There are 2 protein chains.
Amino acid sequence: MKTLIREKRTELNITQEELSKRLKVSRQTIISLEKGKYKPSLVLAHKLAQTFGCTIEELFIFEGDENIE
Amino acid sequence: MKTLIREKRTELNITQEELSKRLKVSRQTIISLEKGKYKPSLVLAHKLAQTFGCTIEELFIFEGDENIE
DNA sequence: CCTTAATGTCAAGTAGGCTTTACAAATGTT
DNA sequence: AACATTTGTAAAGCCTACTTGACATTAAGG
């Protein structure tokens, strides 16, 4: 799975810390998500998409066995 | 968070077991999701939406603090 | 340089998503 | 009533999302 979190965040011109405050998660969580260390929960993915004004499917790109075969 | 998994599944006329096989998860997982016992991972939410031919946001209804304030 | 802001790493702990197995309740069909 | 199908419950275990805190690196500006 790929994510466009970093791209969308820099488009908005906000820091990781600012984003983490808006979402009420730790800054570490933002770092890990942008770096692809793990995948967000459904609720957090929804909040991210809301923040960026896009859908979850636009923010995350699912690949291979993450899709129905 | 509310989900329309059960409604969408019955529309498709398939059993929990059939759905669990398509998604390659346990039947127990389907039961728990339909009953609202817990929330699916992002990948599973995506597969469910794909199966039902809708978006994640159409399949799950986020409420209150699950939205940005 | 020196400082500050922004980003990053590491590690330990908590909570919850998902699995497996086994068994019970409900619904339908003959 | 009897049987099969579908749905449900319970419990133990694994893995990972997320947290907190402390410290390292990079980049920018005075």
# chains A, B, ... in the order shown; residues from 1 in each chain; ligands from 1
$ residues_around --residues "DG13 in chain C" --least-positions-apart "2" --cutoff "10 Å" --atoms "only C-alpha atoms (C1' of nucleotides)" --output "number ranges by chain"
C: 11, 15; D: 19-20
$ interface_residues --of "chain B" --to "chain D" --cutoff "9 Å" --atoms "only C-alpha atoms (C1' of nucleotides)" --output "PyMOL selection string"
chain B and resi 15-17+31
$ write_last_selection --atoms "C-alpha atoms" --output "mmCIF file, in the first residue's frame"
data_model
loop_
_atom_site.group_PDB
_atom_site.id
_atom_site.type_symbol
_atom_site.label_atom_id
_atom_site.label_comp_id
_atom_site.auth_asym_id
_atom_site.auth_seq_id
_atom_site.Cartn_x
_atom_site.Cartn_y
_atom_site.Cartn_z
ATOM 1 C CA THR B 15 -23.636 -16.096 3.415
ATOM 2 C CA GLN B 16 -21.093 -14.906 5.951
ATOM 3 C CA GLU B 17 -18.981 -17.908 5.069
ATOM 4 C CA ILE B 31 -19.553 -11.843 12.349
#
$ calpha_fit_and_write --fixed "chain A" --moving "chain B" --output "PDB file with C-alpha atoms, in the first residue's frame"
ATOM      1  CA  MET B   1       0.004   0.000   0.034  1.00  0.00           C
ATOM      2  CA  LYS B   2       1.232   3.444  -0.861  1.00  0.00           C
ATOM      3  CA  THR B   3       0.099   6.698   0.650  1.00  0.00           C
ATOM      4  CA  LEU B   4       0.054  10.297  -0.478  1.00  0.00           C
ATOM      5  CA  ILE B   5       0.013  11.708   3.049  1.00  0.00           C
ATOM      6  CA  ARG B   6       3.311  13.517   2.737  1.00  0.00           C
ATOM      7  CA  GLU B   7       2.413  15.006  -0.636  1.00  0.00           C
ATOM      8  CA  LYS B   8      -0.975  16.205   0.561  1.00  0.00           C
ATOM      9  CA  ARG B   9       0.490  17.602   3.768  1.00  0.00           C
ATOM     10  CA  THR B  10       3.169  19.616   2.031  1.00  0.00           C
ATOM     11  CA  GLU B  11       0.566  20.906  -0.390  1.00  0.00           C
ATOM     12  CA  LEU B  12      -1.256  22.265   2.649  1.00  0.00           C
ATOM     13  CA  ASN B  13       2.016  23.737   3.916  1.00  0.00           C
ATOM     14  CA  ILE B  14       1.676  22.345   7.411  1.00  0.00           C
ATOM     15  CA  THR B  15       4.202  20.529   9.572  1.00  0.00           C
ATOM     16  CA  GLN B  16       3.893  16.995  10.887  1.00  0.00           C
ATOM     17  CA  GLU B  17       3.250  18.449  14.311  1.00  0.00           C
ATOM     18  CA  GLU B  18       0.438  20.676  13.098  1.00  0.00           C
ATOM     19  CA  LEU B  19      -1.163  17.726  11.335  1.00  0.00           C
ATOM     20  CA  SER B  20      -0.831  15.505  14.390  1.00  0.00           C
ATOM     21  CA  LYS B  21      -2.616  18.142  16.474  1.00  0.00           C
ATOM     22  CA  ARG B  22      -5.491  18.435  14.030  1.00  0.00           C
ATOM     23  CA  LEU B  23      -5.917  14.670  14.057  1.00  0.00           C
ATOM     24  CA  LYS B  24      -5.263  14.331  17.778  1.00  0.00           C
ATOM     25  CA  VAL B  25      -2.633  11.682  17.347  1.00  0.00           C
ATOM     26  CA  SER B  26       1.051  11.717  18.228  1.00  0.00           C
ATOM     27  CA  ARG B  27       3.615  13.195  15.882  1.00  0.00           C
ATOM     28  CA  GLN B  28       5.293   9.816  15.869  1.00  0.00           C
ATOM     29  CA  THR B  29       2.188   8.358  14.291  1.00  0.00           C
ATOM     30  CA  ILE B  30       2.377  10.830  11.395  1.00  0.00           C
ATOM     31  CA  ILE B  31       6.047  10.063  10.851  1.00  0.00           C
ATOM     32  CA  SER B  32       5.416   6.330  10.808  1.00  0.00           C
ATOM     33  CA  LEU B  33       2.487   6.642   8.409  1.00  0.00           C
ATOM     34  CA  GLU B  34       4.404   8.862   5.981  1.00  0.00           C
ATOM     35  CA  LYS B  35       7.359   6.486   6.086  1.00  0.00           C
ATOM     36  CA  GLY B  36       5.092   3.516   5.477  1.00  0.00           C
ATOM     37  CA  LYS B  37       6.082   1.826   8.736  1.00  0.00           C
ATOM     38  CA  TYR B  38       2.508   0.807   9.298  1.00  0.00           C
ATOM     39  CA  LYS B  39      -1.004   1.345   8.085  1.00  0.00           C
ATOM     40  CA  PRO B  40      -3.497   3.657   9.780  1.00  0.00           C
ATOM     41  CA  SER B  41      -6.678   2.464  11.406  1.00  0.00           C
ATOM     42  CA  LEU B  42      -9.869   2.988   9.436  1.00  0.00           C
ATOM     43  CA  VAL B  43     -10.898   5.939  11.590  1.00  0.00           C
ATOM     44  CA  LEU B  44      -7.525   7.638  11.250  1.00  0.00           C
ATOM     45  CA  ALA B  45      -7.525   7.061   7.498  1.00  0.00           C
ATOM     46  CA  HIS B  46     -10.925   8.730   7.371  1.00  0.00           C
ATOM     47  CA  LYS B  47      -9.748  11.743   9.368  1.00  0.00           C
ATOM     48  CA  LEU B  48      -6.699  12.101   7.137  1.00  0.00           C
ATOM     49  CA  ALA B  49      -8.834  12.010   4.008  1.00  0.00           C
ATOM     50  CA  GLN B  50     -11.215  14.548   5.541  1.00  0.00           C
ATOM     51  CA  THR B  51      -8.320  16.837   6.380  1.00  0.00           C
ATOM     52  CA  PHE B  52      -7.025  16.686   2.837  1.00  0.00           C
ATOM     53  CA  GLY B  53     -10.441  16.958   1.246  1.00  0.00           C
ATOM     54  CA  CYS B  54     -10.241  13.672  -0.588  1.00  0.00           C
ATOM     55  CA  THR B  55     -11.492  10.112  -0.254  1.00  0.00           C
ATOM     56  CA  ILE B  56      -9.676   7.304   1.489  1.00  0.00           C
ATOM     57  CA  GLU B  57      -9.194   5.566  -1.842  1.00  0.00           C
ATOM     58  CA  GLU B  58      -7.537   8.684  -3.241  1.00  0.00           C
ATOM     59  CA  LEU B  59      -5.169   8.963  -0.303  1.00  0.00           C
ATOM     60  CA  PHE B  60      -4.122   5.325  -0.184  1.00  0.00           C
ATOM     61  CA  ILE B  61      -3.190   3.165  -3.134  1.00  0.00           C
ATOM     62  CA  PHE B  62      -3.866  -0.519  -2.624  1.00  0.00           C
ATOM     63  CA  GLU B  63      -1.807  -3.084  -4.451  1.00  0.00           C
ATOM     64  CA  GLY B  64      -1.700  -6.798  -5.185  1.00  0.00           C
ATOM     65  CA  ASP B  65      -3.351  -8.948  -2.545  1.00  0.00           C
ATOM     66  CA  GLU B  66      -4.802  -5.857  -0.917  1.00  0.00           C
ATOM     67  CA  ASN B  67      -7.322  -6.047  -3.727  1.00  0.00           C
ATOM     68  CA  ILE B  68      -9.920  -8.696  -4.478  1.00  0.00           C
ATOM     69  CA  GLU B  69      -8.665 -11.211  -7.005  1.00  0.00           C
TER      70      GLU B  69
END
$ interface_residues --of "chain C" --to "chain A" --cutoff "9 Å" --atoms "only C-alpha atoms (C1' of nucleotides)" --output "NGL selection string"
:C and (6-8)
$ write_last_selection --atoms "N, CA, C and O atoms (P, O5', C5', C4', C3', O3' and C1' of nucleotides)" --output "PDB file, in the first residue's frame"
ATOM      1  P    DA C   6       8.381  24.649  12.314  1.00  0.00           P
ATOM      2  O5'  DA C   6       8.934  23.290  11.708  1.00  0.00           O
ATOM      3  C5'  DA C   6       9.619  23.320  10.473  1.00  0.00           C
ATOM      4  C4'  DA C   6      10.215  21.962  10.186  1.00  0.00           C
ATOM      5  C3'  DA C   6       9.242  20.782  10.344  1.00  0.00           C
ATOM      6  O3'  DA C   6       9.105  20.160   9.065  1.00  0.00           O
ATOM      7  C1'  DA C   6      11.338  20.335  11.376  1.00  0.00           C
ATOM      8  P    DT C   7       8.218  18.858   8.887  1.00  0.00           P
ATOM      9  O5'  DT C   7       9.295  17.683   9.084  1.00  0.00           O
ATOM     10  C5'  DT C   7      10.424  17.628   8.246  1.00  0.00           C
ATOM     11  C4'  DT C   7      11.368  16.542   8.723  1.00  0.00           C
ATOM     12  C3'  DT C   7      10.736  15.149   8.850  1.00  0.00           C
ATOM     13  O3'  DT C   7      11.371  14.270   7.923  1.00  0.00           O
ATOM     14  C1'  DT C   7      12.129  15.665  10.704  1.00  0.00           C
ATOM     15  P    DG C   8      10.862  12.720   7.835  1.00  0.00           P
ATOM     16  O5'  DG C   8      11.754  11.937   8.894  1.00  0.00           O
ATOM     17  C5'  DG C   8      13.133  11.816   8.653  1.00  0.00           C
ATOM     18  C4'  DG C   8      13.837  11.235   9.868  1.00  0.00           C
ATOM     19  C3'  DG C   8      13.290   9.883  10.360  1.00  0.00           C
ATOM     20  O3'  DG C   8      14.081   8.825   9.835  1.00  0.00           O
ATOM     21  C1'  DG C   8      13.891  11.359  12.156  1.00  0.00           C
TER      22       DG C   8
END
$ decode --residues "range 2-30 of chain C" --atoms "C-alpha atoms (C1' of nucleotides)" --output "mmCIF file, in the first residue's frame"
data_model
loop_
_atom_site.group_PDB
_atom_site.id
_atom_site.type_symbol
_atom_site.label_atom_id
_atom_site.label_comp_id
_atom_site.auth_asym_id
_atom_site.auth_seq_id
_atom_site.Cartn_x
_atom_site.Cartn_y
_atom_site.Cartn_z
ATOM 1 C "C1'" DC C 2 24.790 29.194 16.865
ATOM 2 C "C1'" DT C 3 20.086 28.593 17.374
ATOM 3 C "C1'" DT C 4 15.640 27.086 16.209
ATOM 4 C "C1'" DA C 5 12.281 24.470 13.601
ATOM 5 C "C1'" DA C 6 11.338 20.335 11.376
ATOM 6 C "C1'" DT C 7 12.129 15.665 10.704
ATOM 7 C "C1'" DG C 8 13.891 11.359 12.156
ATOM 8 C "C1'" DT C 9 15.336 6.969 15.172
ATOM 9 C "C1'" DC C 10 14.849 3.805 19.089
ATOM 10 C "C1'" DA C 11 12.510 1.377 22.641
ATOM 11 C "C1'" DA C 12 8.955 -0.178 25.812
ATOM 12 C "C1'" DG C 13 4.102 -0.416 26.764
ATOM 13 C "C1'" DT C 14 -1.115 -0.612 25.809
ATOM 14 C "C1'" DA C 15 -5.074 -1.655 23.060
ATOM 15 C "C1'" DG C 16 -7.396 -3.777 19.515
ATOM 16 C "C1'" DG C 17 -7.823 -6.465 14.882
ATOM 17 C "C1'" DC C 18 -7.772 -11.070 13.431
ATOM 18 C "C1'" DT C 19 -7.110 -16.107 13.951
ATOM 19 C "C1'" DT C 20 -8.403 -20.722 15.483
ATOM 20 C "C1'" DT C 21 -11.269 -24.054 17.711
ATOM 21 C "C1'" DA C 22 -15.190 -25.679 19.721
ATOM 22 C "C1'" DC C 23 -19.773 -25.357 20.790
ATOM 23 C "C1'" DA C 24 -24.675 -23.175 20.997
ATOM 24 C "C1'" DA C 25 -28.810 -20.941 19.004
ATOM 25 C "C1'" DA C 26 -31.646 -19.905 15.311
ATOM 26 C "C1'" DT C 27 -33.838 -20.630 10.871
ATOM 27 C "C1'" DG C 28 -35.442 -23.438 7.126
ATOM 28 C "C1'" DT C 29 -36.817 -27.726 4.765
ATOM 29 C "C1'" DT C 30 -38.685 -32.120 4.300
#
